[in-house]
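K.L.:
Handing you a structure now.
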Amino acid sequence: MGSAAGAGRWVEVRVTVAGRDAERGAEALGGIAPGGAAIEHSFHSGGEGAGFSPATAAGAAEVRAWLPAPEEAGAERDALAAVAAALAPLALDPAPEPEAALVEPPDWAREWRRFYRPVRAGRFVICPPWERAPAGRGDVAVVIDPGRAFGTGHHESTRLCLRALGSQLVPGSRVLDLGTGSGILAVAAARLGAASVRALDVDPEAVAVARESARRNGVAARVVAAAGSLGREWPWAGSGRGAADLLLANLSRPLLESLAPEIARALRPGGVLVASGYLAREAASVGEVLAASGLRALRVESEGEWCCHVALRDPQPRRGGAI
């Protein structure tokens, strides 16, 4: 294959996982692979439109990661061990069987572009910058550069949030995007007519990506991204109480439940929460915690194994309540 191991070659690891686990798997491998990780979905011309990707929960997806190959023998074995250790906490079912091979240095730009195509979520068409969005009448195009932060539109929880956003946002609203990642939801809200969008993330890299996404989509004047969270980590003036007419939270169940009281405080009375990022088997627990914080479920939607709550903050605070 040309140069010797250690002189520019890499170990490419391929892992086939259930589609619902593709994003989590890529995130785990991205943490150990300086060469990055990417998801290869199956594409078809049916479903919601020609060229769109199907739901990742249907079938399998391949996650690929690239690790440097040291000069010593056993680079592939060591890479497989590192991958197995990274995936172990996810408890994937079925358990994946990674494969590894020495490869020449990948063309990273070309590799990334192979894995992303436009995807539809309700009124939105999410498109990488090198593709032209096949948007029709009434569609709202959102351009997201994948690879640096969570949120490409290919994960069920993101699509659930986008569809709920499309039905809940009232033009002129104040929106808060908690855990913004790539900024996809913040940008989508601004593109639908939100007067202002505050985007929060504890990861400074995600904040930078969200700002870049806002500029790319021409909504930087209405999307303000900052590092922080609710409560004591609120990065702007004031406490953040009643700051949002609509709050978007695509978070894990433990994080969503721990933040539920602060989420309720951040919404104005009568404000709406769109929350996803948890599995269907966790929906009852999420609903109970939201209700205890004064957030009444309007509806619960699902795609694959993922769920989304659309909830209303009680217009009147309850006696002895948390708000």
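Ordering of the structure tokens sets the chain letters (A, B, ...); residue numbers start at 1 within each chain; ligands are numbered from 1 in the order shown.
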Mind checking DSSP for range 50-299 of chain A and telling me the strand (DSSP E) residues as a ChimeraX atom specification?

P.N.:
/A:60-68,99-103,119-121,124-127,140-143,174-178,196-201,223-227,244-250,267-279,295-299

K.L.:
Pull C-alpha atoms from the residues just selected and write them as a CSV table (one decimal), in the first residue's frame.

P.N.:
```
chain,number,residue,atom,x,y,z
A,60,ALA,CA,-28.5,-0.7,10.1
A,61,ALA,CA,-25.9,2.0,9.6
A,62,GLU,CA,-22.1,1.8,9.3
A,63,VAL,CA,-19.9,4.0,11.5
A,64,ARG,CA,-16.3,4.5,10.4
A,65,ALA,CA,-13.5,5.9,12.4
A,66,TRP,CA,-9.8,6.6,11.6
A,67,LEU,CA,-7.0,6.2,14.1
A,68,PRO,CA,-3.2,6.7,13.6
A,99,GLU,CA,-13.5,-4.6,11.6
A,100,ALA,CA,-10.1,-2.9,11.1
A,101,ALA,CA,-7.7,-2.4,8.2
A,102,LEU,CA,-4.6,-0.3,7.5
A,103,VAL,CA,-5.3,2.5,4.9
A,119,VAL,CA,-33.0,15.0,4.8
A,120,ARG,CA,-36.5,16.2,5.3
A,121,ALA,CA,-38.2,16.8,8.7
A,124,PHE,CA,-37.7,21.6,6.8
A,125,VAL,CA,-35.1,20.4,4.4
A,126,ILE,CA,-31.7,20.0,6.1
A,127,CYS,CA,-28.8,20.1,3.6
A,140,VAL,CA,-37.8,25.8,4.6
A,141,ALA,CA,-34.1,25.0,3.8
A,142,VAL,CA,-31.5,24.9,6.6
A,143,VAL,CA,-27.9,24.4,5.7
A,174,ARG,CA,-38.7,34.5,21.6
A,175,VAL,CA,-37.0,31.1,21.4
A,176,LEU,CA,-34.4,29.4,23.6
A,177,ASP,CA,-32.5,26.4,22.3
A,178,LEU,CA,-31.0,24.5,25.1
A,196,SER,CA,-35.0,36.2,18.6
A,197,VAL,CA,-33.3,32.9,19.4
A,198,ARG,CA,-30.9,32.3,22.3
A,199,ALA,CA,-28.8,29.2,21.8
A,200,LEU,CA,-27.0,27.6,24.8
A,201,ASP,CA,-24.5,24.8,25.0
A,223,VAL,CA,-29.5,34.0,16.7
A,224,VAL,CA,-27.2,34.6,19.7
A,225,ALA,CA,-25.2,31.6,20.9
A,226,ALA,CA,-23.3,31.5,24.2
A,227,ALA,CA,-21.6,28.9,26.4
A,244,ALA,CA,-38.8,32.2,26.2
A,245,ASP,CA,-42.1,31.8,24.5
A,246,LEU,CA,-40.8,28.5,23.1
A,247,LEU,CA,-38.0,26.4,24.5
A,248,LEU,CA,-36.3,23.6,22.5
A,249,ALA,CA,-34.4,20.9,24.5
A,250,ASN,CA,-32.9,17.9,22.6
A,267,LEU,CA,-40.7,29.7,29.9
A,268,ARG,CA,-43.2,32.5,30.2
A,269,PRO,CA,-46.6,31.4,31.6
A,270,GLY,CA,-48.3,29.7,28.7
A,271,GLY,CA,-45.0,29.0,26.9
A,272,VAL,CA,-44.3,25.8,25.1
A,273,LEU,CA,-41.5,23.2,25.6
A,274,VAL,CA,-40.4,20.9,22.8
A,275,ALA,CA,-38.2,18.2,24.4
A,276,SER,CA,-36.6,15.1,22.8
A,277,GLY,CA,-33.5,13.0,23.1
A,278,TYR,CA,-34.8,10.1,25.1
A,279,LEU,CA,-36.2,6.7,24.2
A,295,LEU,CA,-45.2,21.5,32.3
A,296,ARG,CA,-48.4,19.8,31.0
A,297,ALA,CA,-48.0,17.5,28.1
A,298,LEU,CA,-50.0,18.5,25.0
A,299,ARG,CA,-48.8,15.6,23.0
```

K.L.:
Show which residues sit within 12 Å of Arg216 in chain A, as a list in words. Count only C-alpha atoms, and ignore same-chain residues fewer than 4 positions away.

P.N.:
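My list of contacting residues is Cys127, Pro128, Pro129, Ala141, Val142, Val143, Ile144, Asp145, Ser182, Gly183, Ile184, Val187, Arg191, Val209, Ala210, Arg211, Glu212, Ala220, Ala221 and Val223 of chain A.
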
K.L.:
Please save N, CA, C and O atoms of the selected residues as a CSV table (one decimal), in the first residue's frame.

P.N.:
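Output contents, as saved in out-v6.csv:
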```csv
chain,number,residue,atom,x,y,z
A,127,CYS,N,-29.7,20.4,4.7
A,127,CYS,CA,-28.8,20.1,3.6
A,127,CYS,C,-27.4,20.5,4.0
A,127,CYS,O,-27.2,21.5,4.6
A,128,PRO,N,-26.4,19.6,3.6
A,128,PRO,CA,-25.0,20.1,3.8
A,128,PRO,C,-24.7,21.1,2.8
A,128,PRO,O,-25.3,21.2,1.7
A,129,PRO,N,-23.7,21.9,3.0
A,129,PRO,CA,-23.4,23.1,2.1
A,129,PRO,C,-23.0,22.7,0.7
A,129,PRO,O,-23.0,23.5,-0.2
A,141,ALA,N,-35.5,25.6,3.9
A,141,ALA,CA,-34.1,25.0,3.8
A,141,ALA,C,-33.2,25.5,4.9
A,141,ALA,O,-33.2,26.7,5.3
A,142,VAL,N,-32.5,24.6,5.5
A,142,VAL,CA,-31.5,24.9,6.6
A,142,VAL,C,-30.2,24.2,6.2
A,142,VAL,O,-30.2,22.9,6.0
A,143,VAL,N,-29.2,24.9,6.1
A,143,VAL,CA,-27.9,24.4,5.7
A,143,VAL,C,-27.0,24.2,6.9
A,143,VAL,O,-26.8,25.1,7.7
A,144,ILE,N,-26.6,22.9,7.1
A,144,ILE,CA,-25.8,22.6,8.3
A,144,ILE,C,-24.6,21.8,7.8
A,144,ILE,O,-24.7,20.8,7.0
A,145,ASP,N,-23.4,22.3,8.2
A,145,ASP,CA,-22.1,21.6,7.9
A,145,ASP,C,-21.9,20.5,9.0
A,145,ASP,O,-21.7,20.9,10.1
A,182,SER,N,-25.1,21.8,16.8
A,182,SER,CA,-24.8,22.5,15.5
A,182,SER,C,-25.5,23.8,15.3
A,182,SER,O,-25.3,24.5,14.4
A,183,GLY,N,-26.6,24.0,16.1
A,183,GLY,CA,-27.4,25.2,15.9
A,183,GLY,C,-28.6,24.9,15.0
A,183,GLY,O,-29.3,25.8,14.7
A,184,ILE,N,-28.8,23.7,14.7
A,184,ILE,CA,-29.8,23.3,13.7
A,184,ILE,C,-31.2,23.8,14.1
A,184,ILE,O,-32.0,24.4,13.3
A,187,VAL,N,-31.4,27.8,14.2
A,187,VAL,CA,-31.5,28.3,12.8
A,187,VAL,C,-32.8,28.1,12.3
A,187,VAL,O,-33.4,28.9,11.6
A,191,ARG,N,-35.4,30.8,10.9
A,191,ARG,CA,-35.9,30.7,9.5
A,191,ARG,C,-37.4,30.7,9.4
A,191,ARG,O,-38.0,31.1,8.4
A,209,VAL,N,-19.8,26.5,16.4
A,209,VAL,CA,-20.5,25.9,15.3
A,209,VAL,C,-21.9,26.5,15.1
A,209,VAL,O,-22.3,26.8,13.9
A,210,ALA,N,-22.6,26.7,16.2
A,210,ALA,CA,-23.9,27.3,16.1
A,210,ALA,C,-23.8,28.7,15.5
A,210,ALA,O,-24.7,29.1,14.7
A,211,ARG,N,-22.9,29.5,15.9
A,211,ARG,CA,-22.7,30.8,15.3
A,211,ARG,C,-22.4,30.8,13.8
A,211,ARG,O,-22.9,31.5,13.1
A,212,GLU,N,-21.6,29.8,13.5
A,212,GLU,CA,-21.2,29.6,12.1
A,212,GLU,C,-22.5,29.2,11.3
A,212,GLU,O,-22.7,29.7,10.2
A,220,ALA,N,-27.9,35.4,11.5
A,220,ALA,CA,-27.0,35.7,12.6
A,220,ALA,C,-27.5,36.9,13.4
A,220,ALA,O,-27.2,37.0,14.6
A,221,ALA,N,-28.3,37.8,12.8
A,221,ALA,CA,-28.8,38.9,13.5
A,221,ALA,C,-29.8,38.6,14.6
A,221,ALA,O,-30.1,39.3,15.5
A,223,VAL,N,-30.0,35.1,15.9
A,223,VAL,CA,-29.5,34.0,16.7
A,223,VAL,C,-28.3,34.4,17.5
A,223,VAL,O,-27.3,34.7,16.9
```

K.L.:
Kindly give the distance, in Å, that separates CA of Ser258 in chain A and CA of Leu230 in chain A, rounded to a single decimal.

P.N.:
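So the two atoms, CA of Ser258 in chain A and CA of Leu230 in chain A, lie 11.1 Å apart.
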
K.L.:
Give me the residues near range 77-87 of chain A as an mmCIF file with C-alpha atoms, in the first residue's frame, where near means some atom within 10 Å (using only C-alpha atoms) and where sequence neighbours in that chain fewer than 3 positions away do not count.

P.N.:
```cif
data_model
loop_
_atom_site.group_PDB
_atom_site.id
_atom_site.type_symbol
_atom_site.label_atom_id
_atom_site.label_comp_id
_atom_site.auth_asym_id
_atom_site.auth_seq_id
_atom_site.Cartn_x
_atom_site.Cartn_y
_atom_site.Cartn_z
ATOM 1 C CA TRP A 10 -4.136 5.015 9.466
ATOM 2 C CA VAL A 11 -6.298 2.256 10.839
ATOM 3 C CA GLU A 12 -9.811 2.496 9.487
ATOM 4 C CA VAL A 13 -12.386 0.824 11.747
ATOM 5 C CA ARG A 14 -15.854 -0.050 10.480
ATOM 6 C CA VAL A 15 -18.677 -0.801 12.905
ATOM 7 C CA ARG A 24 -24.249 7.702 19.661
ATOM 8 C CA GLY A 25 -21.712 5.338 18.146
ATOM 9 C CA ALA A 26 -20.150 8.052 16.009
ATOM 10 C CA GLU A 27 -19.926 10.388 19.007
ATOM 11 C CA ALA A 28 -18.200 7.695 21.083
ATOM 12 C CA LEU A 29 -15.687 6.861 18.357
ATOM 13 C CA GLY A 30 -15.088 10.514 17.569
ATOM 14 C CA GLY A 31 -13.800 10.878 21.109
ATOM 15 C CA ILE A 32 -10.921 8.446 20.498
ATOM 16 C CA ALA A 33 -10.262 8.976 16.790
ATOM 17 C CA ALA A 65 -13.458 5.931 12.377
ATOM 18 C CA TRP A 66 -9.791 6.576 11.632
ATOM 19 C CA LEU A 67 -6.962 6.164 14.149
ATOM 20 C CA PRO A 68 -3.218 6.685 13.584
ATOM 21 C CA ALA A 69 -1.222 3.524 12.873
ATOM 22 C CA PRO A 70 1.958 3.393 15.027
ATOM 23 C CA ALA A 73 2.981 -4.238 14.854
ATOM 24 C CA GLY A 74 -0.555 -4.772 16.077
ATOM 25 C CA LEU A 90 -23.335 2.308 25.232
ATOM 26 C CA ALA A 91 -24.422 -1.333 25.777
ATOM 27 C CA LEU A 92 -25.447 -1.606 22.127
ATOM 28 C CA ALA A 95 -23.306 -6.019 20.165
ATOM 29 C CA PRO A 96 -21.260 -4.760 17.196
ATOM 30 C CA GLU A 97 -18.301 -6.626 15.704
ATOM 31 C CA PRO A 98 -15.822 -3.979 14.506
ATOM 32 C CA GLU A 99 -13.474 -4.609 11.592
ATOM 33 C CA ALA A 100 -10.138 -2.854 11.069
ATOM 34 C CA ALA A 101 -7.730 -2.359 8.171
#
```

K.L.:
Contacts between range 303-307 of chain A and range 171-272 of chain A, please, where a residue of range 171-272 of chain A counts if it comes within 12 Å (with only C-alpha atoms); show its shortest atom pair and distance in Å to one decimal, rows by chain and ascending number, as a Markdown table.

P.N.:
```
| residue | atom | partner | partner_atom | distance |
| --- | --- | --- | --- | --- |
| A:Asn250 | CA | A:Cys307 | CA | 10.4 |
| A:Leu251 | CA | A:Cys307 | CA | 11.3 |
| A:Ser252 | CA | A:Trp306 | CA | 10.9 |
| A:Arg253 | CA | A:Cys307 | CA | 10.5 |
```

K.L.:
Restricting the output to N, CA and C atoms, write the selected residues as a compact mmCIF listing (two decimals), in the first residue's frame.

P.N.:
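Below is the file that was written, out-v1.txt:
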```txt
# COMPACT_ATOMS: atom_id res chain seq x y z
N ASN A 250 -33.23 19.26 23.09
CA ASN A 250 -32.93 17.93 22.57
C ASN A 250 -31.79 17.38 23.43
N LEU A 251 -32.17 16.76 24.56
CA LEU A 251 -31.22 16.36 25.59
C LEU A 251 -31.47 14.91 25.99
N SER A 252 -30.53 14.34 26.70
CA SER A 252 -30.73 12.99 27.25
C SER A 252 -31.77 13.03 28.36
N ARG A 253 -32.36 11.88 28.68
CA ARG A 253 -33.36 11.84 29.74
C ARG A 253 -32.83 12.35 31.08
```

K.L.:
Between CA of Gly287 in chain A and CA of Pro254 in chain A, what is the spacing in Å?

P.N.:
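Going from CA of Pro254 in chain A over to CA of Gly287 in chain A, I get 12.6 Å.
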
K.L.:
Write down as a PyMOL selection string the residues belonging to range 213-273 of chain A that are assigned alpha helix (DSSP H) by DSSP computed on the backbone.

P.N.:
chain A and resi 213-216+253-266

K.L.:
Write the selection just made, keeping C-alpha atoms, as a PDB file, in the first residue's frame?

P.N.:
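Saved file again39.pdb follows:
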```
ATOM      1  CA  SER A 213     -24.536  27.917  11.168  1.00  0.00           C
ATOM      2  CA  ALA A 214     -26.463  31.118  11.879  1.00  0.00           C
ATOM      3  CA  ARG A 215     -24.164  33.119   9.613  1.00  0.00           C
ATOM      4  CA  ARG A 216     -24.355  30.498   6.881  1.00  0.00           C
ATOM      5  CA  ARG A 253     -33.364  11.839  29.737  1.00  0.00           C
ATOM      6  CA  PRO A 254     -31.191  12.381  32.875  1.00  0.00           C
ATOM      7  CA  LEU A 255     -30.231  15.873  31.774  1.00  0.00           C
ATOM      8  CA  LEU A 256     -33.759  16.791  30.727  1.00  0.00           C
ATOM      9  CA  GLU A 257     -35.212  15.590  34.030  1.00  0.00           C
ATOM     10  CA  SER A 258     -32.591  17.370  36.130  1.00  0.00           C
ATOM     11  CA  LEU A 259     -33.214  20.639  34.277  1.00  0.00           C
ATOM     12  CA  ALA A 260     -37.026  20.404  34.204  1.00  0.00           C
ATOM     13  CA  PRO A 261     -37.651  22.966  37.010  1.00  0.00           C
ATOM     14  CA  GLU A 262     -35.246  25.448  35.413  1.00  0.00           C
ATOM     15  CA  ILE A 263     -36.827  24.834  31.995  1.00  0.00           C
ATOM     16  CA  ALA A 264     -40.231  25.670  33.452  1.00  0.00           C
ATOM     17  CA  ARG A 265     -38.859  28.887  34.974  1.00  0.00           C
ATOM     18  CA  ALA A 266     -37.272  29.893  31.660  1.00  0.00           C
TER      19      ALA A 266
END
```

K.L.:
Counting only C-alpha atoms, which residue out of A:Ala311, A:Glu23, A:Glu301, A:Ala237 sits closest to Glu288 in chain A?

P.N.:
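The closest residue to Glu288 in chain A is A:Ala311.
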
K.L.:
Just give me the gap between CA of Val202 in chain A and CA of Gly228 in chain A in Å, one decimal is fine.

P.N.:
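Separation of CA of Val202 in chain A and CA of Gly228 in chain A: 5.0 Å.
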